[in-house]
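Visitor: Quick one: this structure, given as structure tokens, is what I'll be asking you about.
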Amino acid sequence: MDTAGSAAAAASARDGADKLGNRLVQLKGARGPFSGSLIDYRTPCTASEDTRCQIVASIPLWNEFFCWLELELRQLPGVGSQLGLVHVRNICHVRPTHRQMRQAAAFLYWLLKTHRCVASVEIPSKTDDPEMAKFCSAVLCNVLYGNDSVKSLDLKLSWPVQSERFCGVLLSMKRLEELHCEVSSRDPMFPKAISALRTSATLTMLDFNAPLTDNAHAGLLLNALKANSTLRDLTLNSSAIAEEPELFVDFLSATVFLKRLRVVESIDHISDDALKWIFQGMLRNETVSSLEGQGLLLYGESVRMGARMLAQSKVLRSVRLLGWLSVQRTVEEEMGAGEYSDTACWLGAISKNHTLQYITLSVSIWTNECWEQFFRVLSRHGSLKMVTIVAGENERCRLSDIAKKLEEIGCKEKVSVVASCNGDRLSLADCKNYSELRASVRAQNKGMVLPVYRELATFPPLTFLSLKIIGWEKELCWLLAEHVSSTSTLQRPDLQLSGLGFTTESDDWSVTDLGLGVDVCPRKGFECLGEVVARSKTIRELRSLTWLSSAGLSFLRGVRAGISENYALCSVTLNPLSCYQDWTADWFFACNTARRNSGYVARAAQFLKQARFYTPCAAALDRVNRHPALVAELSKVLSISVADALSAVRQRFRSIEGMHEFMRLAGVVKARVTCQPRDDGRLQLDALDEHCWSHVRRYLQLDDVAWQCRSSTNAM
């Protein structure tokens, strides 16, 4: 961003660094709190366009210290990026001492000061400790001031002293491309920080969802956005539109670069007109292809403006209108046509649009009759690929009739339903078209509930199932265990157990994203369940829900027992209500495995993008090629289908699978394998044909090579 900075912010940051300098000596001889391993915090950065930094080998050790700040160092898949600091809530199971926080901040200082390979930084808010928040912000302000390597910055700030300092830092950062910022417009530095938008030659994504307090601040922001020529992705608080609606419309009319617009409702400033101005601006815009409104109000004039936008837009591909969305009507409208009459005009507008591909709407936007008409439009529509209907608890009762109409018309492959409901009121007719279902299931009404779960296999669209099971014994748990073990469609179950328990010995799961919690006194089976998770070849994300300490510890020890051989798990997260000190070592072990696997995916993505050709990236592709779950995760990272990812991996693998390519990448030879003839005439390595070498490669990977034994030209 703009190189002009705030001298006051710089001086304040330097003061913080001077205080830190007195503590840096404490790092000498520091050992990881979990592993006990000695860390060399002065390891220099060795990253280049062709090589990864040597710090990658010690990422788990650095993370033992960063966990006190709720940060995690990870490898990134993006072109031109290597490492990122990610905020992970509740990764630390105990409240850190001031000494641990200062030590972690010192490690953070050295990392960012000496390693240009860190391209992404998330800064969490430590609101529970003002003294440490002030200290850590001083450290970060000093080390980020004038930074020319960080491309993505995420600020989660709450203390005024923090946000004021960081506003000045933003002005000085030279290569910032993505900014997630919650800095309040009440901060004195706000005008200067926003003014940097005008001249930024690098910023492409801005998430600025903090509320604006008056017209002057809104005008300052919107004028800066209008002058910016690099922004592609924008998230705004609706208060900016409410304060200066015409200026917002002018901005949308003028921009020729913006591709994605997201507007979130302001809690402090509810605007009735935000959607009207958004739709009016979109009528004049020729670049935005993705539009999202979160928590905005919809009423007569905005409905009619939305219909015009839907009918006339030639670039819009995706529309999402969710949250507190409600249909408001004037007194005249109440006395006129029936309920929701205005929104019916969207049906004809959508039928005229030939570019729209994805729509997500609340079920309350139309009457059941309008939904029937919409399904008829959808069945004939050429461009619409998927429509997602979202229903809350109070709206779920309408889904049964809507589902029947959808079944009659016959375009259910284009419709996905997301719903929350009370489990005792579930019925088969409601659930058949659910893609996501959240329910609380009690045992009082077995007659109505059990038939639903006996028929889970007949719900083909169901990919996400979130259940809180209260008071059940074995029957329902066995039904769920059987379904999870046999389904080929359910990918994301969330199971919070308040009954006997849930266990399965099957390893043949289709589940890719598992949430699990137990908040009752445990019996047997949780350690075995942990072992099943560790052996799983499909689960890529594990989310720990609410656990009692003893049950969770048993489960985690089962996970740890086999997790080192797991090449599927790429992400683990912890519920804030389940933070127990005796979990720390086992949980950190699972985190390290997930980081290792996600690192393979990140490096393989760089190799596929031809961003880097060095040996660790080739080795990562070698590893990913052998594990379907990692290929699936790679497809998610690259935003392509699993089939396309598999095809790309296999095609690139051919370039490194041969003997000469393998030995060259391993650092054994410079070009080709050439062996001196033996006196006894026996077969040499270079005489192996492709068939024989392919058998060798089944048991040999590039990761089997010890990097530290390489020559300096190949050392990573």
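Here, A, B, ... name the chains of the structure tokens in the order displayed, residue numbers run from 1 inside each chain, and ligands are numbered from 1 in the same displayed order.
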For stretch 620-634 of chain A, list every protein, DNA or RNA residue within 7 Å, evaluated using only C-alpha atoms, and leave out those in the same chain fewer than 4 positions away; present the list as a PyMOL selection string.
Guide: chain A and resi 537-538+540+567-568+600-601+603-605+616+638+642+645-646+649-650+653+701
Visitor: Next, dump the selected residues to file, keeping only C-alpha atoms, as an mmCIF file, in the first residue's frame.
Guide:
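selection02.cif written:
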data_model
loop_
_atom_site.group_PDB
_atom_site.id
_atom_site.type_symbol
_atom_site.label_atom_id
_atom_site.label_comp_id
_atom_site.auth_asym_id
_atom_site.auth_seq_id
_atom_site.Cartn_x
_atom_site.Cartn_y
_atom_site.Cartn_z
ATOM 1 C CA LYS A 537 -8.504 -43.088 4.499
ATOM 2 C CA THR A 538 -11.230 -40.489 3.827
ATOM 3 C CA ARG A 540 -9.764 -34.918 5.948
ATOM 4 C CA TYR A 567 -2.275 -39.528 5.083
ATOM 5 C CA ALA A 568 -5.817 -38.154 4.910
ATOM 6 C CA TYR A 600 2.022 -32.086 1.160
ATOM 7 C CA VAL A 601 -1.084 -30.718 -0.549
ATOM 8 C CA ARG A 603 3.561 -28.141 -2.148
ATOM 9 C CA ALA A 604 1.861 -30.443 -4.659
ATOM 10 C CA ALA A 605 -0.399 -27.538 -5.670
ATOM 11 C CA PRO A 616 10.205 -31.132 -1.882
ATOM 12 C CA LEU A 638 -7.258 -25.728 -6.619
ATOM 13 C CA VAL A 642 -11.575 -34.492 -7.982
ATOM 14 C CA ALA A 645 -7.187 -33.093 -9.884
ATOM 15 C CA LEU A 646 -6.468 -36.810 -10.249
ATOM 16 C CA VAL A 649 -1.559 -35.327 -10.595
ATOM 17 C CA ARG A 650 -1.072 -38.431 -12.719
ATOM 18 C CA PHE A 653 3.709 -37.643 -11.860
ATOM 19 C CA GLN A 701 9.383 -42.314 -2.559
#
Visitor: Write out as a compact mmCIF listing (two decimals) with N, CA and C atoms, in the first residue's frame which residues come within 6 Å of A:Phe464 when counting only C-alpha atoms, dropping same-chain ones fewer than 4 positions away.
Guide:
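What landed in part.txt:
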# COMPACT_ATOMS: atom_id res chain seq x y z
N GLU A 436 -28.42 -30.66 3.74
CA GLU A 436 -27.88 -30.41 5.07
C GLU A 436 -29.03 -30.44 6.07
N ARG A 492 -20.21 -35.18 5.80
CA ARG A 492 -19.93 -34.32 6.95
C ARG A 492 -20.92 -34.58 8.09
N PRO A 493 -20.70 -35.61 8.91
CA PRO A 493 -21.55 -35.78 10.08
C PRO A 493 -21.00 -35.03 11.30
Visitor: At a cut-off of 12 Å, using only C-alpha atoms, what residues contact stretch 60-64 of chain A? Leave out same-chain residues fewer than 4 positions from it and give the result as a ChimeraX atom specification.
Guide: /A:27,30-43,55-56,68-75,84-88,91-92,100-101,103-108,110-111,584-585,587-596,599
Visitor: Would you pick out the contacts of A:Met305 at 10 Å or less, using only C-alpha atoms, so that residues sharing its chain but fewer than 6 positions from it are not included, and give the list as a list in words?
Guide: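 Here the qualifying residues turn out to be Leu275, Lys276, Trp277, Ile278, Phe279, Gln280, Gly281, Met282, Leu283 and Trp346 of chain A.
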Visitor: Between atom CA of A:Arg260 and atom CA of A:Glu413, what is the spacing in Å?
Guide: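 Here the two named atoms are 26.6 Å from each other.
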